[in-house]
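Text of work_12.txt (compact mmCIF, N, CA and C atoms) as supplied:
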```
# COMPACT_ATOMS: atom_id res chain seq x y z
N MET G 175 -1.80 -98.41 52.05
CA MET G 175 -0.38 -98.53 51.84
C MET G 175 0.06 -97.76 50.59
N TRP G 176 -0.69 -97.94 49.49
CA TRP G 176 -0.35 -97.22 48.25
C TRP G 176 -0.49 -95.71 48.43
N LYS G 177 -1.48 -95.34 49.22
CA LYS G 177 -1.69 -93.91 49.48
C LYS G 177 -0.47 -93.35 50.22
N THR G 178 0.03 -94.04 51.22
CA THR G 178 1.19 -93.59 51.97
C THR G 178 2.42 -93.53 51.08
N LEU G 179 2.59 -94.56 50.26
CA LEU G 179 3.73 -94.59 49.34
C LEU G 179 3.66 -93.45 48.33
N SER G 180 2.48 -93.19 47.79
CA SER G 180 2.33 -92.09 46.83
C SER G 180 2.55 -90.74 47.51
N ASP G 181 2.11 -90.62 48.77
CA ASP G 181 2.35 -89.37 49.52
C ASP G 181 3.85 -89.15 49.73
N TRP G 182 4.54 -90.21 50.05
CA TRP G 182 5.99 -90.11 50.25
C TRP G 182 6.70 -89.75 48.94
N LEU G 183 6.28 -90.40 47.87
CA LEU G 183 6.89 -90.10 46.56
C LEU G 183 6.62 -88.65 46.16
N LEU G 184 5.39 -88.19 46.40
CA LEU G 184 5.04 -86.80 46.09
C LEU G 184 5.87 -85.85 46.96
N ALA G 185 6.02 -86.18 48.26
CA ALA G 185 6.82 -85.34 49.15
C ALA G 185 8.28 -85.34 48.69
N LEU G 186 8.80 -86.51 48.29
CA LEU G 186 10.18 -86.60 47.80
C LEU G 186 10.36 -85.77 46.54
N PHE G 187 9.39 -85.86 45.64
CA PHE G 187 9.44 -85.07 44.41
C PHE G 187 9.45 -83.58 44.73
N ASN G 188 8.55 -83.16 45.64
CA ASN G 188 8.46 -81.73 46.00
C ASN G 188 9.75 -81.26 46.67
N MET G 189 10.31 -82.10 47.54
CA MET G 189 11.57 -81.73 48.20
C MET G 189 12.71 -81.63 47.19
N SER G 190 12.73 -82.53 46.21
CA SER G 190 13.77 -82.48 45.17
C SER G 190 13.64 -81.20 44.36
N ARG G 191 12.41 -80.84 44.01
CA ARG G 191 12.18 -79.62 43.25
C ARG G 191 12.60 -78.40 44.07
N GLU G 192 12.21 -78.35 45.34
CA GLU G 192 12.59 -77.23 46.21
C GLU G 192 14.10 -77.18 46.40
N LEU G 193 14.73 -78.35 46.51
CA LEU G 193 16.18 -78.39 46.64
C LEU G 193 16.84 -77.78 45.42
N GLN G 194 16.37 -78.10 44.23
CA GLN G 194 16.90 -77.52 42.99
C GLN G 194 16.70 -76.00 42.99
N GLU G 195 15.53 -75.55 43.40
CA GLU G 195 15.26 -74.11 43.44
C GLU G 195 16.20 -73.41 44.43
N HIS G 196 16.41 -74.04 45.59
CA HIS G 196 17.30 -73.45 46.59
C HIS G 196 18.74 -73.42 46.08
N ARG G 197 19.14 -74.48 45.40
CA ARG G 197 20.50 -74.49 44.85
C ARG G 197 20.68 -73.38 43.83
N GLU G 198 19.69 -73.17 42.98
CA GLU G 198 19.78 -72.09 41.99
C GLU G 198 19.80 -70.72 42.69
N THR G 199 18.99 -70.57 43.70
CA THR G 199 18.98 -69.31 44.46
C THR G 199 20.35 -69.08 45.10
N ILE G 200 20.93 -70.13 45.66
CA ILE G 200 22.26 -70.02 46.27
C ILE G 200 23.30 -69.63 45.22
N ARG G 201 23.23 -70.22 44.03
CA ARG G 201 24.17 -69.86 42.96
C ARG G 201 24.02 -68.39 42.57
N GLN G 202 22.77 -67.92 42.49
CA GLN G 202 22.53 -66.51 42.16
C GLN G 202 23.09 -65.60 43.25
N LEU G 203 22.86 -65.99 44.50
CA LEU G 203 23.39 -65.18 45.61
C LEU G 203 24.91 -65.18 45.62
N GLU G 204 25.52 -66.31 45.32
CA GLU G 204 26.98 -66.36 45.25
C GLU G 204 27.50 -65.46 44.14
N ARG G 205 26.82 -65.44 42.99
CA ARG G 205 27.22 -64.54 41.90
C ARG G 205 27.10 -63.08 42.34
N ARG G 206 26.01 -62.76 43.02
CA ARG G 206 25.82 -61.38 43.49
C ARG G 206 26.90 -61.00 44.50
N VAL G 207 27.23 -61.92 45.39
CA VAL G 207 28.28 -61.63 46.38
C VAL G 207 29.61 -61.39 45.68
N ARG G 208 29.93 -62.22 44.67
CA ARG G 208 31.18 -62.02 43.92
C ARG G 208 31.17 -60.66 43.22
N ASP G 209 30.03 -60.30 42.63
CA ASP G 209 29.93 -58.99 41.96
C ASP G 209 30.13 -57.85 42.96
N ILE G 210 29.52 -57.98 44.13
CA ILE G 210 29.67 -56.95 45.16
C ILE G 210 31.11 -56.88 45.65
N GLU G 211 31.73 -58.04 45.84
CA GLU G 211 33.14 -58.04 46.26
C GLU G 211 34.01 -57.35 45.23
N GLU G 212 33.76 -57.62 43.95
CA GLU G 212 34.54 -56.97 42.89
C GLU G 212 34.30 -55.46 42.89
N ALA G 213 33.05 -55.06 43.09
CA ALA G 213 32.75 -53.63 43.13
C ALA G 213 33.45 -52.96 44.30
N ILE G 214 33.50 -53.64 45.44
CA ILE G 214 34.17 -53.09 46.62
C ILE G 214 35.67 -52.96 46.35
N LYS G 215 36.25 -53.97 45.72
CA LYS G 215 37.67 -53.91 45.39
C LYS G 215 37.97 -52.73 44.46
N LEU G 216 37.12 -52.55 43.46
CA LEU G 216 37.32 -51.44 42.53
C LEU G 216 37.16 -50.09 43.24
N LEU G 217 36.19 -50.01 44.12
CA LEU G 217 35.98 -48.77 44.87
C LEU G 217 37.19 -48.46 45.76
N ALA G 218 37.70 -49.48 46.43
CA ALA G 218 38.88 -49.29 47.29
C ALA G 218 40.08 -48.86 46.45
N GLN G 219 40.24 -49.46 45.29
CA GLN G 219 41.35 -49.10 44.39
C GLN G 219 41.18 -47.65 43.93
N ASP G 220 39.96 -47.26 43.61
CA ASP G 220 39.70 -45.89 43.17
C ASP G 220 39.98 -44.90 44.30
N GLN G 221 39.60 -45.25 45.52
CA GLN G 221 39.87 -44.37 46.65
C GLN G 221 41.37 -44.23 46.90
N ARG G 222 42.11 -45.33 46.80
CA ARG G 222 43.57 -45.26 46.97
C ARG G 222 44.17 -44.35 45.91
N HIS G 223 43.71 -44.51 44.68
CA HIS G 223 44.23 -43.70 43.59
C HIS G 223 43.92 -42.22 43.84
N SER G 224 42.71 -41.93 44.28
CA SER G 224 42.33 -40.54 44.56
C SER G 224 43.19 -39.95 45.67
N ARG G 225 43.43 -40.74 46.72
CA ARG G 225 44.27 -40.25 47.81
C ARG G 225 45.69 -39.98 47.32
N GLU G 226 46.20 -40.85 46.45
CA GLU G 226 47.54 -40.65 45.92
C GLU G 226 47.61 -39.38 45.08
N LEU G 227 46.59 -39.16 44.25
CA LEU G 227 46.56 -37.94 43.44
C LEU G 227 46.47 -36.69 44.31
N GLU G 228 45.60 -36.75 45.34
CA GLU G 228 45.47 -35.60 46.23
C GLU G 228 46.77 -35.34 46.98
N SER G 229 47.44 -36.38 47.40
CA SER G 229 48.72 -36.22 48.10
C SER G 229 49.76 -35.59 47.18
N ALA G 230 49.82 -36.06 45.95
CA ALA G 230 50.78 -35.50 44.99
C ALA G 230 50.46 -34.04 44.72
N GLU G 231 49.18 -33.71 44.62
CA GLU G 231 48.79 -32.32 44.38
C GLU G 231 49.17 -31.44 45.57
N ARG G 232 48.96 -31.93 46.79
CA ARG G 232 49.36 -31.16 47.98
C ARG G 232 50.87 -30.95 48.00
N GLU G 233 51.62 -31.98 47.66
CA GLU G 233 53.09 -31.85 47.62
C GLU G 233 53.52 -30.80 46.60
N LYS G 234 52.88 -30.81 45.43
CA LYS G 234 53.23 -29.81 44.41
C LYS G 234 52.91 -28.40 44.91
N LEU G 235 51.76 -28.24 45.54
CA LEU G 235 51.40 -26.91 46.04
C LEU G 235 52.34 -26.46 47.15
N LEU G 236 52.72 -27.38 48.02
CA LEU G 236 53.65 -27.04 49.09
C LEU G 236 55.01 -26.65 48.52
N LEU G 237 55.48 -27.37 47.53
CA LEU G 237 56.75 -27.04 46.88
C LEU G 237 56.66 -25.67 46.21
N ARG G 238 55.57 -25.41 45.56
CA ARG G 238 55.40 -24.11 44.90
C ARG G 238 55.38 -22.98 45.93
N LEU G 239 54.70 -23.21 47.05
CA LEU G 239 54.67 -22.21 48.12
C LEU G 239 56.07 -21.96 48.66
N HIS G 240 56.80 -23.04 48.87
CA HIS G 240 58.18 -22.92 49.37
C HIS G 240 59.04 -22.12 48.38
N GLN G 241 58.89 -22.40 47.11
CA GLN G 241 59.65 -21.67 46.09
C GLN G 241 59.29 -20.19 46.10
N GLU G 242 58.01 -19.88 46.24
CA GLU G 242 57.58 -18.48 46.25
C GLU G 242 58.13 -17.76 47.49
N VAL G 243 58.09 -18.43 48.64
CA VAL G 243 58.62 -17.81 49.85
C VAL G 243 60.12 -17.57 49.70
N THR G 244 60.82 -18.55 49.15
CA THR G 244 62.26 -18.39 48.94
C THR G 244 62.53 -17.23 47.99
N ARG G 245 61.75 -17.14 46.93
CA ARG G 245 61.92 -16.05 45.96
C ARG G 245 61.67 -14.70 46.62
N LEU G 246 60.64 -14.62 47.47
CA LEU G 246 60.35 -13.36 48.15
C LEU G 246 61.46 -12.98 49.13
N LYS G 247 62.04 -13.96 49.77
CA LYS G 247 63.12 -13.69 50.71
C LYS G 247 64.35 -13.16 49.99
N GLU G 248 64.54 -13.56 48.75
CA GLU G 248 65.71 -13.15 47.99
C GLU G 248 65.57 -11.75 47.39
N LEU G 249 64.37 -11.22 47.39
CA LEU G 249 64.18 -9.86 46.84
C LEU G 249 64.84 -8.85 47.77
N PRO G 250 65.40 -7.81 47.20
CA PRO G 250 66.00 -6.78 48.07
C PRO G 250 64.90 -6.10 48.89
N SER G 251 65.24 -5.73 50.10
CA SER G 251 64.25 -5.08 50.94
C SER G 251 63.96 -3.69 50.38
N PRO G 252 62.75 -3.24 50.50
CA PRO G 252 62.42 -1.91 49.96
C PRO G 252 63.15 -0.82 50.74
N ARG G 253 63.67 0.17 50.02
CA ARG G 253 64.39 1.27 50.66
C ARG G 253 63.40 2.31 51.16
N ARG G 254 63.71 2.79 52.32
CA ARG G 254 62.84 3.81 52.89
C ARG G 254 63.31 5.17 52.41
N LYS G 255 62.38 6.03 52.19
CA LYS G 255 62.72 7.39 51.77
C LYS G 255 63.25 8.17 52.97
N LYS G 256 64.31 8.90 52.75
CA LYS G 256 64.89 9.69 53.83
C LYS G 256 64.15 11.03 53.88
N SER G 257 63.75 11.37 55.06
CA SER G 257 63.07 12.66 55.22
C SER G 257 64.09 13.74 55.57
N ARG G 258 63.94 14.92 55.02
CA ARG G 258 64.90 16.02 55.21
C ARG G 258 64.42 16.98 56.20
```
Whole structure, structure tokens version:
Amino acid sequence: MWKTLSDWLLALFNMSRELQEHRETIRQLERRVRDIEEAIKLLAQDQRHSRELESAEREKLLLRLHQEVTRLKELPSPRRKKSR
């Protein structure tokens, strides 16, 4: 009877220790997941910012191209030399 009781107490002790270890592992995994989520959010924010910058740069280049075309259209046409 004492042997069975001591076996149960030992099993209970081991399960309690393993439970504590699992809880700590779960806390570590939760921290890692939060860190990864934060990294993903920062990456998404960085990508949005990059897309916005690229879009603004394309708009500036398109405007500059439009201005150059307009300027070229306003130039007088070259005169042809008259042959005699």
How big is the axis-aligned box around all listed atoms of region 199-205 of chain G once 5 Å goes on each side, and where's its centre, in Å to one decimal, as AutoDock Vina command-line options?
```
--center_x 23.2 --center_y -66.8 --center_z 44.1 --size_x 18.5 --size_y 17.5 --size_z 14.4
```
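Take atom N of Ala218 (chain G) and atom N of Leu235 (chain G): the distance between them is 25.5 Å.
The gap separating atom C of Glu198 (chain G) from CA of Glu211 (chain G) is 18.7 Å, in Å to one decimal.
The spacing separating CA of Leu249 (chain G) from atom N of Leu237 (chain G) amounts to 19.6 Å.
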Put region 177-247 of chain G into a file with C-alpha atoms, as a compact mmCIF listing (two decimals), in the first residue's frame.
```
# COMPACT_ATOMS: atom_id res chain seq x y z
CA LYS G 177 4.60 1.53 -2.27
CA THR G 178 1.50 2.38 -4.36
CA LEU G 179 0.98 5.62 -2.47
CA SER G 180 4.63 6.64 -2.91
CA ASP G 181 4.42 5.76 -6.63
CA TRP G 182 1.36 7.96 -6.98
CA LEU G 183 3.00 10.82 -5.09
CA LEU G 184 6.12 10.48 -7.25
CA ALA G 185 3.96 10.44 -10.41
CA LEU G 186 2.04 13.51 -9.14
CA PHE G 187 5.30 15.31 -8.40
CA ASN G 188 6.69 14.46 -11.87
CA MET G 189 3.46 15.57 -13.56
CA SER G 190 3.51 18.85 -11.60
CA ARG G 191 7.12 19.46 -12.64
CA GLU G 192 6.33 18.65 -16.30
CA LEU G 193 3.27 20.88 -16.13
CA GLN G 194 5.44 23.79 -14.94
CA GLU G 195 7.95 23.11 -17.73
CA HIS G 196 5.15 23.02 -20.32
CA ARG G 197 3.68 26.24 -18.99
CA GLU G 198 7.06 27.96 -19.27
CA THR G 199 7.51 26.59 -22.79
CA ILE G 200 4.05 27.89 -23.71
CA ARG G 201 4.92 31.35 -22.30
CA GLN G 202 8.14 31.38 -24.35
CA LEU G 203 6.25 30.37 -27.48
CA GLU G 204 3.64 33.06 -26.85
CA ARG G 205 6.42 35.65 -26.54
CA ARG G 206 7.97 34.44 -29.79
CA VAL G 207 4.60 34.59 -31.56
CA ARG G 208 4.07 38.16 -30.31
CA ASP G 209 7.57 39.10 -31.52
CA ILE G 210 6.89 37.54 -34.93
CA GLU G 211 3.53 39.31 -35.16
CA GLU G 212 5.22 42.62 -34.39
CA ALA G 213 7.91 41.94 -36.99
CA ILE G 214 5.23 41.14 -39.58
CA LYS G 215 3.38 44.35 -38.76
CA LEU G 216 6.57 46.37 -39.14
CA LEU G 217 7.38 44.64 -42.42
CA ALA G 218 3.89 45.34 -43.77
CA GLN G 219 4.19 48.98 -42.70
CA ASP G 220 7.58 49.23 -44.40
CA GLN G 221 6.20 47.72 -47.60
CA ARG G 222 3.27 50.16 -47.61
CA HIS G 223 5.67 53.03 -47.12
CA SER G 224 7.90 51.79 -49.95
CA ARG G 225 4.92 51.47 -52.29
CA GLU G 226 3.82 54.99 -51.41
CA LEU G 227 7.30 56.37 -52.11
CA GLU G 228 7.51 54.48 -55.40
CA SER G 229 4.08 55.74 -56.42
CA ALA G 230 5.03 59.33 -55.60
CA GLU G 231 8.25 58.95 -57.57
CA ARG G 232 6.37 57.58 -60.60
CA GLU G 233 3.92 60.49 -60.40
CA LYS G 234 6.80 62.99 -60.32
CA LEU G 235 8.45 61.35 -63.31
CA LEU G 236 5.18 61.28 -65.24
CA LEU G 237 4.59 64.96 -64.49
CA ARG G 238 8.11 65.81 -65.59
CA LEU G 239 7.63 63.84 -68.81
CA HIS G 240 4.35 65.64 -69.46
CA GLN G 241 6.04 69.01 -68.89
CA GLU G 242 8.86 68.12 -71.28
CA VAL G 243 6.43 66.99 -73.97
CA THR G 244 4.43 70.19 -73.55
CA ARG G 245 7.61 72.25 -73.76
CA LEU G 246 8.67 70.44 -76.94
CA LYS G 247 5.27 71.00 -78.51
```
